[in-house]
Amino acid sequence: MLFSGSSKKIISKFYSFELLEVCIHRVRSCSSIRFIKSKYVCVFDKSALKFSHQQRLFRTSAVSCGQIVQFKLSDIGEGITEVTVKEWYIKEGDTVSQFDSICEVQSDKASVTITSRYDGVIRKLHYSIDDIAFVGKPLVDIEIDASKGVASEEDVVETPPMSHEEHTHQEIKGHKTLATPAVRRLAMENNIKLSEVVGTGKDNRILKEDILNYLAKQTGAILPPSPKAEIAPPQRKAEAVPAAPKDKARKIPVPVSRPIAFAGKDKTEPVTGFQKAMVKTMSAALKIPHFGYSDEIDLTQLVQLREELKPLAEIRGVKLSFMPFFIKAASLGLLQYPILNASLDENCQNVTYKASHNIGVAMDTEQGLIVPNVKNVQVCSVFDIAVELNRLQSLGSAGQLGTSDLTGGTFTLSNIGTIGGTYAKPVILPPEVAIGALGKIQALPRFNSKGEVFKAQIMNVSWSADHRIIDGATMARFSNLWKSYLENPASMLLDLK
């Protein structure tokens, strides 16, 4: 250190004091000691550091001895190389723990939440809102305690934790254990190996209750049972509450009001998010020779059946629409015509018949067109499908569908009729080979077998199939079978498994 000449006298007084080496940012003095920057400096007993005409002490401030780790954006999968940063959940200077949410990013397939792998302090954000972040590049800088060691440079990437059933994957002993970050953290805090816990959730996922029950067995504690929804028996017809009369007046569409904006010049914006995914998918779909087929379905009996089942579904907390019936009927038809639930390789040399019926449902959202799918419809009941559709619709409206919800589809239905229209020309979503578009349901006059006019609930359906592997006769037979299930809903009971 460099001191002025008058300071040497002061230093001689301090030889008898014990030296203490501390890490400081800077040392300041207002008179005889110069402004010095250093990493280490010897500081003496504070009581002796007094000037003759002005009393001032050395001021020290501790510096963290932590290590800066660059938290990189890991591979999200599905060939995604870049994402758009939609929201930061932290800012520079914030303290984070493992599994805490850092930010939400949006790829051209789904919205994804990035969670922290470290305990530490955020020192730098490498991107701003709406910036493009690249896989493998630093996302944030985190200062961690060097004494605890540095974890591996792999980010924890998960789908949005919208509900307690939303899950992420964790590799344990060669198989995937499904658990939320909160559940994994609870297990870690209690030194519990997830491989030793039996999951009771969907697909054997481990829930919070499973961890608590495991702890209870280890400690002998008695936990209150988790509340379960009670299924109320159907009301008798005599006790049934009459439904409120519906407004029969014709609904007039209300135009969406938007403020008039005149910028004065053209504006160019990059194609991002789901719109970018649509560009890729539809460009690939142009290579497929489409075969179209249309028909009309009499849903009179199905409309009556749904009206009877809606109150029962509402008691269970589920909104029952027509889509679960359409989806289940399609699955029953795919069992008879599996070529419609297949895929063709790029070289058109092999056809892969899919074992699972992952039926996609096109949804119109503020972010654009998205097509989440209901997994394994072939083993689901109509009520199971309704529950899953409710979940997908709520997440889709919030723009928080995960990658797993948006990928893996094998067959698609588009309910364009909820917006309007009767017939359509749906475009196949590669690598699928068939898609159906459902028109609006209309009350129209039709003739019965006796030649009498009656009021019928008519819906039009438009099919598109990959004509390279599906001929017109196969598409027509599938449509006829699907139609028969919907026109006579009770017939589905014969084929339900």
# chains A, B, ... in the order shown; residues from 1 in each chain; ligands from 1
>>> select_by_dssp(residues="region 264-342 of chain A", states="strand (DSSP E)", output="PyMOL selection string")
chain A and resi 290-298+342
>>> write_last_selection(atoms="C-alpha atoms", output="CSV table (one decimal), in the first residue's frame")
chain,number,residue,atom,x,y,z
A,290,HIS,CA,-55.1,-34.2,-49.8
A,291,PHE,CA,-58.2,-36.2,-50.4
A,292,GLY,CA,-61.4,-34.6,-49.2
A,293,TYR,CA,-64.7,-36.2,-48.1
A,294,SER,CA,-67.8,-34.6,-46.5
A,295,ASP,CA,-71.0,-35.8,-44.9
A,296,GLU,CA,-73.7,-34.7,-42.5
A,297,ILE,CA,-74.5,-36.2,-39.1
A,298,ASP,CA,-77.9,-36.2,-37.3
A,342,ALA,CA,-50.5,-44.0,-38.8
>>> closest_atom_pairs(of="region 293-339 of chain A", to="region 347-363 of chain A", cutoff="7 Å", atoms="only C-alpha atoms", output="tab-separated table")
residue	atom	partner	partner_atom	distance
A:Ser331	CA	A:His357	CA	6.5
A:Pro338	CA	A:Tyr353	CA	6.7
A:Ile339	CA	A:Tyr353	CA	6.6
>>> write_last_selection(atoms="N, CA, C and O atoms", output="compact mmCIF listing (two decimals), in the first residue's frame")
# COMPACT_ATOMS: atom_id res chain seq x y z
N SER A 331 -61.97 -42.56 -31.88
CA SER A 331 -61.07 -43.61 -31.40
C SER A 331 -61.62 -45.00 -31.70
O SER A 331 -60.87 -45.91 -32.11
N PRO A 338 -57.01 -48.69 -38.60
CA PRO A 338 -55.78 -48.17 -37.99
C PRO A 338 -54.89 -47.39 -38.96
O PRO A 338 -54.01 -46.65 -38.51
N ILE A 339 -55.11 -47.54 -40.27
CA ILE A 339 -54.29 -46.79 -41.23
C ILE A 339 -54.47 -45.28 -41.05
O ILE A 339 -53.58 -44.49 -41.37
>>> closest_residue(among="A:Leu125, A:Ile142, A:Val379, A:Ile80", to="Val96 (chain A)", atoms="only C-alpha atoms")
A:Ile142
>>> residues_around(residues="Ile144 (chain A)", least_positions_apart="4", cutoff="7 Å", atoms="only C-alpha atoms", output="list of chain:residue names")
A:Gly66, A:Gln67, A:Ile68, A:Asp119, A:Gly120, A:Val121
>>> residues_around(residues="Glu346 (chain A)", least_positions_apart="5", cutoff="12 Å", atoms="only C-alpha atoms", output="ChimeraX atom specification")
/A:284,287-288,351-352,430-431
>>> write_last_selection(atoms="C-alpha atoms", output="JSON list (two decimals), in the first residue's frame")
[["chain", "number", "residue", "atom", "x", "y", "z"],
["A", 284, "ALA", "CA", -44.66, -29.32, -44.85],
["A", 287, "LYS", "CA", -46.21, -31.80, -49.88],
["A", 288, "ILE", "CA", -49.15, -34.05, -48.95],
["A", 351, "VAL", "CA", -45.90, -46.79, -42.60],
["A", 352, "THR", "CA", -45.91, -46.75, -38.79],
["A", 430, "PRO", "CA", -47.63, -33.85, -40.54],
["A", 431, "PRO", "CA", -46.69, -36.56, -39.66]]
